[in-house]
$ cat model.tsv   # TSV, C-alpha atoms
chain	number	residue	atom	x	y	z
A	1104	MET	CA	-9.96	46.71	11.18
A	1105	ASN	CA	-13.01	48.70	12.23
A	1106	LYS	CA	-16.38	47.23	13.15
A	1107	THR	CA	-18.06	48.09	9.87
A	1108	ASN	CA	-15.59	45.94	7.96
A	1109	SER	CA	-15.56	42.97	10.34
A	1110	LEU	CA	-17.18	39.71	9.26
A	1111	SER	CA	-20.11	38.33	11.24
A	1112	ARG	CA	-20.85	34.62	11.70
A	1113	ARG	CA	-23.38	34.71	8.88
A	1114	ARG	CA	-20.86	36.24	6.50
A	1115	PHE	CA	-17.92	34.08	7.40
A	1116	LEU	CA	-18.43	30.49	8.58
A	1117	GLN	CA	-15.45	28.44	9.67
A	1118	GLY	CA	-15.44	24.69	9.20
A	1119	THR	CA	-17.22	24.50	5.88
A	1120	GLY	CA	-14.36	23.76	3.55
A	1121	PHE	CA	-14.85	27.17	1.92
A	1122	ALA	CA	-14.36	30.78	2.81
A	1123	LEU	CA	-18.08	31.47	2.95
A	1124	THR	CA	-17.77	35.21	2.47
A	1125	LEU	CA	-19.97	37.74	0.80
A	1126	PRO	CA	-18.55	39.27	-2.38
A	1127	ALA	CA	-17.39	42.88	-2.48
A	1128	PHE	CA	-20.68	44.72	-2.83
A	1129	GLU	CA	-20.69	48.48	-2.89
A	1130	SER	CA	-23.10	48.44	0.07
A	1131	LEU	CA	-20.32	47.11	2.31
A	1132	THR	CA	-18.95	50.64	2.51
A	1133	VAL	CA	-21.99	51.76	4.49
A	1134	GLY	CA	-21.49	49.25	7.26
A	1135	ALA	CA	-22.02	45.62	8.13
A	1136	ALA	CA	-25.63	46.10	9.20
A	1137	SER	CA	-26.58	47.18	5.70
A	1138	ALA	CA	-24.74	44.25	4.13
A	1139	GLU	CA	-26.59	41.80	6.34
A	1140	LYS	CA	-29.87	42.84	4.69
A	1141	THR	CA	-28.79	41.54	1.29
A	1142	PRO	CA	-31.01	38.50	0.79
A	1143	ARG	CA	-29.45	35.15	0.05
A	1144	ARG	CA	-31.04	32.67	-2.30
A	1145	LEU	CA	-30.86	28.92	-2.72
A	1146	VAL	CA	-31.58	26.87	-5.85
A	1147	CYS	CA	-31.55	23.06	-5.82
A	1148	VAL	CA	-31.58	21.11	-9.08
A	1149	GLY	CA	-31.84	17.33	-9.21
A	1150	ASN	CA	-31.95	14.71	-11.94
A	1151	HIS	CA	-33.63	11.46	-10.92
A	1152	LEU	CA	-31.54	9.20	-13.16
A	1153	GLY	CA	-28.21	10.59	-11.97
A	1154	PHE	CA	-25.14	11.31	-14.07
A	1155	TYR	CA	-22.80	8.70	-15.48
A	1156	PRO	CA	-19.65	8.97	-13.31
A	1157	GLY	CA	-17.25	8.90	-16.24
A	1158	ASN	CA	-19.09	11.84	-17.81
A	1159	PHE	CA	-19.32	13.83	-14.57
A	1160	PHE	CA	-16.22	13.51	-12.36
A	1161	PRO	CA	-12.88	14.91	-13.57
A	1162	GLN	CA	-9.80	12.70	-13.36
A	1163	ASN	CA	-7.68	15.25	-11.53
A	1164	ALA	CA	-8.38	17.34	-8.44
A	1165	GLY	CA	-8.14	21.09	-7.92
A	1166	ARG	CA	-8.97	24.12	-9.99
A	1167	ASP	CA	-7.06	22.97	-13.08
A	1168	TYR	CA	-9.10	19.83	-13.72
A	1169	VAL	CA	-9.82	18.74	-17.28
A	1170	ALA	CA	-13.54	19.23	-17.80
A	1171	THR	CA	-15.61	16.13	-18.51
A	1172	SER	CA	-18.39	16.11	-21.10
A	1173	THR	CA	-20.98	17.07	-18.46
A	1174	LEU	CA	-18.84	19.92	-17.12
A	1175	LYS	CA	-17.72	21.37	-20.46
A	1176	PRO	CA	-20.88	23.48	-20.93
A	1177	LEU	CA	-20.02	25.10	-17.56
A	1178	GLU	CA	-16.49	26.12	-18.55
A	1179	ALA	CA	-17.39	29.83	-18.60
A	1180	HIS	CA	-18.20	29.49	-14.90
A	1181	ARG	CA	-15.26	27.27	-13.90
A	1182	ASN	CA	-14.10	29.70	-11.20
A	1183	ASP	CA	-17.59	29.88	-9.73
A	1184	LEU	CA	-18.25	26.22	-8.97
A	1185	THR	CA	-16.97	23.23	-7.04
A	1186	VAL	CA	-17.44	19.58	-8.03
A	1187	PHE	CA	-17.36	17.07	-5.15
A	1188	SER	CA	-16.25	13.45	-5.29
A	1189	ASN	CA	-16.98	10.70	-2.74
A	1190	LEU	CA	-19.98	12.30	-1.04
A	1191	ASP	CA	-23.26	10.50	-0.35
A	1192	HIS	CA	-25.76	9.67	2.39
A	1193	GLU	CA	-24.85	5.95	2.63
A	1194	LEU	CA	-28.33	5.14	1.39
A	1195	ASN	CA	-29.28	2.11	-0.65
A	1196	GLY	CA	-32.35	1.29	-2.66
A	1197	GLY	CA	-31.74	2.65	-6.15
A	1198	HIS	CA	-34.75	4.66	-7.35
A	1199	ALA	CA	-36.36	4.49	-3.89
A	1200	ALA	CA	-33.35	6.23	-2.33
A	1201	VAL	CA	-33.23	9.11	-4.81
A	1202	GLN	CA	-35.82	10.90	-2.64
A	1203	GLY	CA	-33.08	11.30	-0.01
A	1204	PHE	CA	-30.88	13.56	-2.16
A	1205	LEU	CA	-31.76	16.77	-0.28
A	1206	THR	CA	-32.72	15.05	2.98
A	1207	SER	CA	-30.13	12.30	3.66
A	1208	ILE	CA	-33.02	10.17	4.97
A	1209	LYS	CA	-35.53	7.93	3.24
A	1210	LYS	CA	-39.12	8.53	4.30
A	1211	GLU	CA	-39.53	5.01	5.70
A	1212	GLU	CA	-36.45	5.54	7.91
A	1213	SER	CA	-37.36	9.01	9.18
A	1214	SER	CA	-39.32	8.27	12.37
A	1215	GLY	CA	-36.32	8.65	14.68
A	1216	PHE	CA	-35.27	12.07	13.37
A	1217	PRO	CA	-36.66	15.32	14.87
A	1218	GLU	CA	-37.20	16.90	11.45
A	1219	LYS	CA	-38.23	13.64	9.79
A	1220	ASN	CA	-36.90	13.61	6.22
A	1221	MET	CA	-37.14	17.38	5.69
A	1222	SER	CA	-35.32	18.52	2.57
A	1223	LEU	CA	-32.68	21.22	2.33
A	1224	ASP	CA	-34.96	23.68	0.51
A	1225	GLN	CA	-37.73	23.39	3.10
A	1226	ALA	CA	-35.29	23.83	5.98
A	1227	ALA	CA	-33.98	26.99	4.34
A	1228	ALA	CA	-37.54	28.24	3.80
A	1229	GLU	CA	-38.04	28.37	7.55
A	1230	GLN	CA	-35.40	31.12	7.66
A	1231	VAL	CA	-37.37	33.23	5.18
A	1232	GLY	CA	-40.79	32.96	6.80
A	1233	SER	CA	-43.27	35.33	5.19
A	1234	ASP	CA	-40.66	37.78	3.86
A	1235	THR	CA	-41.49	36.61	0.34
A	1236	ARG	CA	-44.77	35.69	-1.31
A	1237	PHE	CA	-43.67	32.08	-1.74
A	1238	PRO	CA	-41.46	30.40	0.90
A	1239	THR	CA	-40.27	28.06	-1.87
A	1240	ILE	CA	-41.05	27.46	-5.53
A	1241	ASN	CA	-40.80	23.77	-6.36
A	1242	THR	CA	-40.89	22.74	-10.00
A	1243	GLY	CA	-40.49	19.47	-11.84
A	1244	ILE	CA	-40.40	18.07	-15.34
A	1245	VAL	CA	-43.11	15.34	-15.46
A	1246	ASN	CA	-45.03	13.97	-12.49
A	1247	GLY	CA	-43.55	11.63	-9.91
A	1248	THR	CA	-40.68	13.80	-8.69
A	1249	ASP	CA	-40.08	13.40	-4.95
A	1250	MET	CA	-37.10	15.60	-4.05
A	1251	CYS	CA	-38.76	17.99	-1.57
A	1252	TRP	CA	-40.22	17.17	1.86
A	1253	THR	CA	-41.58	19.25	4.74
A	1254	ARG	CA	-40.54	19.13	8.39
A	1255	ALA	CA	-43.51	16.82	9.00
A	1256	GLY	CA	-42.22	14.37	6.37
A	1257	VAL	CA	-44.86	15.30	3.80
A	1258	HIS	CA	-43.94	15.33	0.11
A	1259	VAL	CA	-44.09	18.74	-1.59
A	1260	PRO	CA	-45.51	18.13	-5.08
A	1261	PRO	CA	-43.77	20.23	-7.73
A	1262	VAL	CA	-45.43	22.55	-10.21
A	1263	ASN	CA	-44.97	20.88	-13.59
A	1264	ASN	CA	-46.92	23.38	-15.70
A	1265	PRO	CA	-44.92	26.53	-16.62
A	1266	ALA	CA	-48.11	28.48	-17.37
A	1267	LYS	CA	-49.43	27.75	-13.88
A	1268	LEU	CA	-46.18	28.96	-12.35
A	1269	PHE	CA	-46.26	32.13	-14.46
A	1270	ARG	CA	-49.78	32.92	-13.26
A	1271	ALA	CA	-48.79	32.35	-9.64
A	1272	LEU	CA	-45.85	34.72	-10.02
A	1273	PHE	CA	-47.32	37.54	-12.11
A	1274	VAL	CA	-51.09	37.37	-12.59
A	1275	ASN	CA	-53.18	39.03	-9.89
A	1276	SER	CA	-56.34	37.17	-8.90
A	1277	PRO	CA	-59.60	39.12	-9.23
A	1278	GLN	CA	-61.21	40.45	-6.06
A	1279	GLU	CA	-63.90	37.77	-6.12
A	1280	ALA	CA	-61.33	35.00	-6.19
A	1281	ARG	CA	-59.37	36.59	-3.34
A	1282	THR	CA	-62.55	36.85	-1.26
A	1283	VAL	CA	-63.22	33.16	-1.79
A	1284	GLU	CA	-59.62	32.30	-0.95
A	1285	ARG	CA	-59.74	34.41	2.22
A	1286	ALA	CA	-62.86	32.58	3.38
A	1287	ARG	CA	-61.24	29.23	2.60
A	1288	LEU	CA	-58.13	30.14	4.59
A	1289	GLN	CA	-60.28	31.30	7.50
A	1290	HIS	CA	-62.27	28.05	7.48
A	1291	ARG	CA	-59.15	25.91	7.37
A	1292	GLY	CA	-57.64	27.98	10.18
A	1293	SER	CA	-60.71	27.36	12.35
A	1294	VAL	CA	-60.56	23.63	11.70
A	1295	LEU	CA	-56.89	23.56	12.63
A	1296	ASP	CA	-57.61	25.44	15.86
A	1297	ALA	CA	-60.21	22.84	16.82
A	1298	LEU	CA	-57.89	19.95	15.96
A	1299	ARG	CA	-55.06	21.47	17.97
A	1300	ASP	CA	-57.27	21.99	21.06
A	1301	SER	CA	-58.63	18.44	20.88
A	1302	ALA	CA	-55.16	16.99	20.45
A	1303	SER	CA	-53.81	18.93	23.44
A	1304	ALA	CA	-56.57	17.55	25.67
A	1305	LEU	CA	-55.97	14.03	24.37
A	1306	ASN	CA	-52.27	14.29	25.18
A	1307	LEU	CA	-53.04	13.99	28.93
A	1308	THR	CA	-54.39	10.46	28.52
A	1309	LEU	CA	-51.67	8.94	26.32
A	1310	ASN	CA	-48.58	6.84	27.03
A	1311	ALA	CA	-45.10	7.93	25.89
A	1312	GLU	CA	-45.24	6.19	22.50
A	1313	ASP	CA	-48.64	7.63	21.65
A	1314	ARG	CA	-47.59	11.09	22.85
A	1315	SER	CA	-44.71	10.88	20.39
A	1316	LYS	CA	-47.15	10.08	17.58
A	1317	LEU	CA	-49.37	12.95	18.66
A	1318	ASP	CA	-46.41	15.32	18.70
A	1319	GLN	CA	-45.66	14.34	15.10
A	1320	TYR	CA	-49.27	15.09	14.22
A	1321	LEU	CA	-49.15	18.50	15.92
A	1322	THR	CA	-45.96	19.27	14.03
A	1323	SER	CA	-47.88	18.69	10.81
A	1324	VAL	CA	-50.66	20.99	12.03
A	1325	ARG	CA	-48.20	23.75	12.89
A	1326	ASP	CA	-46.61	23.44	9.46
A	1327	VAL	CA	-50.01	23.92	7.80
A	1328	GLU	CA	-50.78	26.88	10.09
A	1329	ARG	CA	-47.53	28.57	9.14
A	1330	ARG	CA	-48.27	28.21	5.44
A	1331	LEU	CA	-51.80	29.52	5.92
A	1332	GLN	CA	-50.53	32.59	7.74
A	1333	MET	CA	-48.09	33.35	4.94
A	1334	SER	CA	-50.90	33.05	2.41
A	1335	LYS	CA	-53.03	35.55	4.33
A	1336	GLU	CA	-50.22	38.11	4.53
A	1337	TRP	CA	-49.71	38.14	0.76
A	1338	LEU	CA	-53.27	37.66	-0.42
A	1339	ASP	CA	-53.98	41.35	-1.22
A	1340	ARG	CA	-50.49	42.48	-2.17
A	1341	PRO	CA	-50.11	43.15	-5.90
A	1342	LYS	CA	-47.75	40.88	-7.81
A	1343	PRO	CA	-44.79	42.25	-9.79
A	1344	LYS	CA	-45.14	42.92	-13.49
A	1345	SER	CA	-43.62	40.32	-15.73
A	1346	PRO	CA	-40.79	41.40	-18.05
A	1347	ILE	CA	-41.75	38.61	-20.47
A	1348	ALA	CA	-44.95	37.76	-22.33
A	1349	GLU	CA	-47.43	35.54	-20.52
A	1350	VAL	CA	-46.60	31.87	-20.69
A	1351	GLN	CA	-49.50	30.08	-22.34
A	1352	ASP	CA	-51.05	26.85	-21.13
A	1353	GLU	CA	-50.13	24.52	-23.99
A	1354	GLU	CA	-48.45	21.22	-24.70
A	1355	ARG	CA	-44.66	21.54	-24.75
A	1356	GLN	CA	-41.71	19.30	-25.24
A	1357	HIS	CA	-39.89	18.43	-22.04
A	1358	VAL	CA	-36.65	19.90	-23.37
A	1359	ASP	CA	-38.43	23.24	-23.81
A	1360	GLU	CA	-39.87	23.08	-20.30
A	1361	VAL	CA	-36.39	22.79	-18.77
A	1362	ALA	CA	-35.33	26.16	-20.20
A	1363	LEU	CA	-38.68	27.75	-19.40
A	1364	PHE	CA	-38.65	26.65	-15.77
A	1365	TYR	CA	-35.10	27.99	-15.40
A	1366	ASP	CA	-36.27	31.34	-16.84
A	1367	LEU	CA	-39.23	31.48	-14.47
A	1368	MET	CA	-37.08	30.56	-11.47
A	1369	ALA	CA	-34.67	33.35	-12.38
A	1370	LEU	CA	-37.55	35.83	-12.60
A	1371	ALA	CA	-38.94	34.62	-9.28
A	1372	LEU	CA	-35.57	35.24	-7.63
A	1373	GLN	CA	-35.06	38.61	-9.35
A	1374	THR	CA	-38.48	39.89	-8.23
A	1375	ASP	CA	-37.94	38.50	-4.71
A	1376	SER	CA	-41.13	36.48	-5.08
A	1377	THR	CA	-39.14	33.70	-3.48
A	1378	ARG	CA	-35.57	33.09	-2.32
A	1379	ILE	CA	-35.66	29.33	-2.66
A	1380	ALA	CA	-36.41	27.37	-5.83
A	1381	THR	CA	-36.06	23.76	-6.90
A	1382	LEU	CA	-36.19	21.92	-10.21
A	1383	GLU	CA	-36.16	18.17	-10.76
A	1384	THR	CA	-36.16	16.21	-13.98
A	1385	GLY	CA	-38.06	13.00	-13.29
A	1386	MET	CA	-37.52	9.50	-14.59
A	1387	GLY	CA	-40.10	10.09	-17.34
A	1388	PHE	CA	-38.13	12.91	-18.96
A	1389	ARG	CA	-38.59	12.50	-22.73
A	1390	THR	CA	-35.26	12.15	-24.50
A	1391	SER	CA	-36.88	11.32	-27.82
A	1392	GLU	CA	-37.04	15.09	-28.25
A	1393	LEU	CA	-33.23	14.98	-28.45
A	1394	ASP	CA	-33.49	12.21	-31.09
A	1395	LEU	CA	-32.39	9.63	-28.51
A	1396	ASP	CA	-33.74	6.38	-27.13
A	1397	GLY	CA	-35.82	6.32	-23.93
A	1398	TYR	CA	-33.93	7.86	-21.01
A	1399	HIS	CA	-34.56	5.07	-18.50
A	1400	GLY	CA	-33.33	2.49	-20.98
A	1401	ILE	CA	-30.27	4.57	-21.85
A	1402	SER	CA	-29.42	4.98	-18.17
A	1403	HIS	CA	-29.16	1.18	-17.90
A	1404	HIS	CA	-26.18	1.39	-20.21
A	1405	GLY	CA	-24.32	-1.75	-19.16
A	1406	LYS	CA	-21.17	0.19	-20.17
A	1407	ALA	CA	-22.21	-0.04	-23.82
A	1408	PRO	CA	-20.36	2.79	-25.66
A	1409	GLY	CA	-23.38	3.74	-27.75
A	1410	ARG	CA	-25.58	4.26	-24.70
A	1411	ILE	CA	-22.87	6.16	-22.83
A	1412	ASP	CA	-22.58	8.44	-25.86
A	1413	GLN	CA	-26.31	9.10	-25.64
A	1414	LEU	CA	-25.97	9.84	-21.92
A	1415	ARG	CA	-23.32	12.43	-22.81
A	1416	ILE	CA	-25.85	14.22	-24.99
A	1417	ILE	CA	-28.56	14.20	-22.30
A	1418	GLU	CA	-26.27	15.23	-19.46
A	1419	SER	CA	-24.58	17.93	-21.55
A	1420	PHE	CA	-28.04	19.27	-22.37
A	1421	LEU	CA	-28.90	19.49	-18.67
A	1422	SER	CA	-25.61	21.19	-17.72
A	1423	THR	CA	-25.96	23.60	-20.66
A	1424	LYS	CA	-29.32	24.77	-19.29
A	1425	LEU	CA	-27.70	25.19	-15.88
A	1426	SER	CA	-24.92	27.24	-17.47
A	1427	ASN	CA	-27.48	29.51	-19.14
A	1428	PHE	CA	-29.25	29.93	-15.80
A	1429	ILE	CA	-26.00	30.94	-14.10
A	1430	ALA	CA	-25.31	33.46	-16.86
A	1431	ARG	CA	-28.76	34.94	-16.35
A	1432	LEU	CA	-28.24	35.29	-12.59
A	1433	LYS	CA	-24.89	36.98	-13.23
A	1434	GLU	CA	-26.53	39.40	-15.63
A	1435	ALA	CA	-29.14	40.19	-12.97
A	1436	GLN	CA	-26.31	40.68	-10.43
A	1437	ILE	CA	-27.75	38.19	-7.95
A	1438	PHE	CA	-25.45	35.23	-8.63
A	1439	ASP	CA	-23.03	35.97	-5.80
A	1440	ASN	CA	-25.93	35.87	-3.36
A	1441	THR	CA	-27.40	32.71	-4.87
A	1442	LEU	CA	-26.06	29.27	-4.02
A	1443	ILE	CA	-26.92	26.54	-6.53
A	1444	VAL	CA	-26.93	22.84	-5.68
A	1445	PHE	CA	-26.85	20.60	-8.76
A	1446	GLY	CA	-26.74	16.82	-8.76
A	1447	SER	CA	-28.72	13.69	-7.99
A	1448	GLY	CA	-29.58	11.10	-5.37
A	1449	MET	CA	-28.54	8.52	-7.99
A	1450	SER	CA	-24.99	8.01	-9.17
A	1451	ASP	CA	-24.75	5.31	-11.83
A	1452	ALA	CA	-28.31	4.36	-12.74
A	1453	SER	CA	-27.10	1.25	-14.57
A	1454	SER	CA	-26.14	-0.32	-11.23
A	1455	HIS	CA	-28.82	1.58	-9.25
A	1456	SER	CA	-26.04	3.01	-7.10
A	1457	ASN	CA	-26.72	5.74	-4.54
A	1458	ARG	CA	-23.06	6.04	-3.55
A	1459	ASN	CA	-20.51	8.67	-4.64
A	1460	LEU	CA	-23.28	10.99	-5.74
A	1461	PRO	CA	-22.70	13.62	-8.45
A	1462	VAL	CA	-22.76	16.94	-6.56
A	1463	LEU	CA	-21.84	20.44	-7.69
A	1464	LEU	CA	-22.14	23.80	-5.92
A	1465	ALA	CA	-22.09	27.08	-7.83
A	1466	GLY	CA	-22.21	30.73	-6.81
A	1467	GLY	CA	-22.94	31.97	-3.33
A	1468	GLY	CA	-19.87	34.19	-3.17
A	1469	LEU	CA	-17.82	31.15	-2.11
A	1470	GLU	CA	-14.12	30.66	-2.67
A	1471	HIS	CA	-14.59	27.71	-4.98
A	1472	ARG	CA	-12.20	24.77	-5.18
A	1473	GLY	CA	-12.62	23.30	-8.67
A	1474	HIS	CA	-12.75	19.54	-8.17
A	1475	LEU	CA	-12.72	18.68	-4.46
A	1476	VAL	CA	-11.90	15.02	-3.84
A	1477	CYS	CA	-13.11	13.92	-0.42
A	1478	PRO	CA	-11.79	10.79	1.35
A	1479	SER	CA	-12.97	7.52	-0.15
A	1480	ASP	CA	-11.96	5.25	2.75
A	1481	GLN	CA	-15.03	4.23	4.75
A	1482	ASP	CA	-13.60	5.29	8.11
A	1483	GLN	CA	-12.79	8.77	6.77
A	1484	ARG	CA	-15.81	9.46	4.58
A	1485	VAL	CA	-17.59	12.78	4.98
A	1486	PRO	CA	-21.42	12.65	4.97
A	1487	LEU	CA	-23.06	14.69	2.23
A	1488	ALA	CA	-25.45	15.90	4.96
A	1489	ASN	CA	-22.48	17.81	6.45
A	1490	LEU	CA	-22.30	19.84	3.26
A	1491	TRP	CA	-26.05	20.46	3.41
A	1492	LEU	CA	-25.67	21.70	7.01
A	1493	SER	CA	-23.00	24.16	5.88
A	1494	VAL	CA	-25.27	25.31	3.05
A	1495	LEU	CA	-28.03	25.94	5.62
A	1496	GLN	CA	-25.67	27.93	7.81
A	1497	TRP	CA	-24.55	29.95	4.79
A	1498	PHE	CA	-28.22	30.72	4.18
A	1499	GLY	CA	-28.56	32.04	7.72
A	1500	SER	CA	-29.74	29.08	9.76
A	1501	GLU	CA	-28.54	28.57	13.32
A	1502	ALA	CA	-29.00	24.79	12.93
A	1503	SER	CA	-26.26	22.60	14.40
A	1504	ARG	CA	-27.39	19.44	12.61
A	1505	PHE	CA	-29.27	18.38	9.50
A	1506	GLY	CA	-30.48	14.87	8.77
A	1507	ARG	CA	-27.59	12.43	9.19
A	1508	SER	CA	-24.94	15.14	9.53
A	1509	THR	CA	-22.07	14.67	11.97
A	1510	GLY	CA	-21.01	18.32	11.85
A	1511	THR	CA	-20.33	20.98	9.29
A	1512	PHE	CA	-18.29	20.34	6.15
A	1513	SER	CA	-14.96	20.64	7.92
A	1514	PRO	CA	-11.64	21.04	6.10
A	1515	MET	CA	-10.16	18.98	8.92
A	1516	LYS	CA	-11.87	15.95	7.37
A	1517	ILE	CA	-10.95	16.58	3.77
A	1518	GLY	CA	-7.31	17.47	4.17
$ encode --input "model.tsv" --output "structure tokens"
Amino acid sequence: MNKTNSLSRRRFLQGTGFALTLPAFESLTVGAASAEKTPRRLVCVGNHLGFYPGNFFPQNAGRDYVATSTLKPLEAHRNDLTVFSNLDHELNGGHAAVQGFLTSIKKEESSGFPEKNMSLDQAAAEQVGSDTRFPTINTGIVNGTDMCWTRAGVHVPPVNNPAKLFRALFVNSPQEARTVERARLQHRGSVLDALRDSASALNLTLNAEDRSKLDQYLTSVRDVERRLQMSKEWLDRPKPKSPIAEVQDEERQHVDEVALFYDLMALALQTDSTRIATLETGMGFRTSELDLDGYHGISHHGKAPGRIDQLRIIESFLSTKLSNFIARLKEAQIFDNTLIVFGSGMSDASSHSNRNLPVLLAGGGLEHRGHLVCPSDQDQRVPLANLWLSVLQWFGSEASRFGRSTGTFSPMKIG
């Protein structure tokens, strides 16, 4: 095999449980260097109230599983996804632990970790830098979502207004507004310079514990500086033209916002405005719009058949919107370069369980496995953070650990 057809580390990663290979693009014929330039994208979707296990996990393993009610809307994409059983972060705390879905660490337990409770999307964004206008686009249905966290352990609030996201993506600010923004960025940059200089001088007088606290503070400053620099680089660059009519700022049903945010995320990826996007449906998601009882109350089903039936409707709705999103990415011919994480930091909300989390991966040019049943015995369990580390490496990161990971998602551990 000649050099132009060989697979580099970023195109083929051992020890992930998958053959993490790029699909057969026509550009491969012009050499590996050209193929390496194809951007990869990551989308993370979370649902605060989890998915009822009986509706989510198939009974049998492998590619020939019988689809559950939650997976049936994804049948057209069966060969392009993997459902995982028996993965979690060993977190407890019910609603309070849902924030650890993409981090593996609760905020209050993050002090001993170098990257705090940084989430998967934000870790991937560090690989992109200022190559795109937005390092990440974080969206959420209703306020109170807490899925995304920076390296400094700071919550990234999601955009929960589709019209605001549309304007950020496609509407150019007038010159006057850009001048004001440039001055604001310059002022903030000057303040950060002064804070950094003062903190460096203070470091000489502190003991080890206080130096550690100061280092955490400086990490936060550096994170802000990086974001400011990216803003400056893109401030005067024209935005792409939107292929759809402008999204108006108006009151919408939550069920309509789900589809609209998926559409806007797809457009953001297609226009390379970002390569990383997230969407979370919060606990306040209105299910009355589906002619159902309140979602939180339904999730506390107590195994009552009527409530489980209502959960089937909600969860099928959410997976149907995911299926439509996948179809759109396929139509745009970017699906094989886009890896989608879909799931929750909550398993069965009725028992407030954060164990055996519902997790699904789709796309990414992976050799998918259908339903992959990981070991359930405690001494053989595989941390979900190992899968997140492999996702990061697929994206291009050189990281050797992520959160509570013990290694990559190795097939040696899953048999």
$ residues_around --input "model.tsv" --residues "Phe1273 (chain A)" --least-positions-apart "3" --cutoff "8 Å" --atoms "only C-alpha atoms" --output "list of chain:residue names"
A:Phe1269, A:Arg1270, A:Lys1342, A:Pro1343, A:Lys1344, A:Ser1345
$ write_last_selection --input "model.tsv" --atoms "C-alpha atoms" --output "compact mmCIF listing (two decimals), keeping the file's coordinate frame"
# COMPACT_ATOMS: atom_id res chain seq x y z
CA PHE A 1269 -46.26 32.13 -14.46
CA ARG A 1270 -49.78 32.92 -13.26
CA LYS A 1342 -47.75 40.88 -7.81
CA PRO A 1343 -44.79 42.25 -9.79
CA LYS A 1344 -45.14 42.92 -13.49
CA SER A 1345 -43.62 40.32 -15.73
$ atom_distance --input "model.tsv" --atom1 "CA of Thr1173 (chain A)" --atom2 "CA of Val1262 (chain A)"
26.4 Å
$ closest_residue --input "model.tsv" --among "A:Gln1225, A:Arg1181, A:Phe1154, A:His1403" --to "Thr1381 (chain A)" --atoms "all atoms listed in the file"
A:Gln1225
$ closest_atom_pairs --input "model.tsv" --of "region 1221-1282 of chain A" --to "region 1188-1206 of chain A" --cutoff "10 Å" --atoms "all atoms listed in the file" --output "CSV"
residue,atom,partner,partner_atom,distance
A:Met1221,CA,A:Thr1206,CA,5.7
A:Ser1222,CA,A:Thr1206,CA,4.4
A:Leu1223,CA,A:Leu1205,CA,5.2
A:Asp1224,CA,A:Leu1205,CA,7.7
A:Gln1225,CA,A:Leu1205,CA,9.5
A:Ala1226,CA,A:Thr1206,CA,9.6
A:Thr1248,CA,A:Gln1202,CA,8.3
A:Asp1249,CA,A:Gln1202,CA,5.5
A:Met1250,CA,A:Gln1202,CA,5.1
A:Cys1251,CA,A:Leu1205,CA,7.2
A:Trp1252,CA,A:Thr1206,CA,7.9
A:Thr1253,CA,A:Thr1206,CA,10.0
A:His1258,CA,A:Gln1202,CA,9.6
$ residues_near_point --input "model.tsv" --point "(-13.6, 19.1, -20.1)" --cutoff "12 Å" --atoms "all atoms listed in the file" --output "VMD selection string"
chain A and resid 1157 to 1163 1167 to 1179 1181 1419 1474
$ closest_residue --input "model.tsv" --among "A:Ile1443, A:Ser1493, A:Lys1267, A:Leu1152" --to "Ile1401 (chain A)" --atoms "only C-alpha atoms"
A:Leu1152
$ residues_around --input "model.tsv" --residues "region 1494-1496 of chain A" --least-positions-apart "2" --cutoff "8 Å" --atoms "only C-alpha atoms" --output "list in words"
Arg1113, Leu1116, Leu1223, Ala1226, Ala1227, Leu1490, Trp1491, Leu1492, Phe1498, Gly1499, Ser1500, Glu1501 and Ala1502 of chain A
$ closest_residue --input "model.tsv" --among "A:Leu1363, A:Leu1425, A:Cys1477, A:Ile1411" --to "Gly1243 (chain A)" --atoms "all atoms listed in the file"
A:Leu1363
$ closest_residue --input "model.tsv" --among "A:Pro1461, A:Ser1508, A:Lys1210, A:His1357" --to "Leu1475 (chain A)" --atoms "all atoms listed in the file"
A:Pro1461
$ atom_distance --input "model.tsv" --atom1 "CA of Asn1459 (chain A)" --atom2 "CA of Phe1364 (chain A)"
27.9 Å
$ closest_residue --input "model.tsv" --among "A:Val1358, A:Leu1372, A:Ala1164, A:Leu1184" --to "Glu1470 (chain A)" --atoms "only C-alpha atoms"
A:Leu1184
$ atom_distance --input "model.tsv" --atom1 "CA of Glu1312 (chain A)" --atom2 "CA of Gly1506 (chain A)"
21.9 Å
$ closest_residue --input "model.tsv" --among "A:Leu1395, A:Ala1362, A:Ala1348, A:Met1386" --to "Asn1246 (chain A)" --atoms "only C-alpha atoms"
A:Met1386
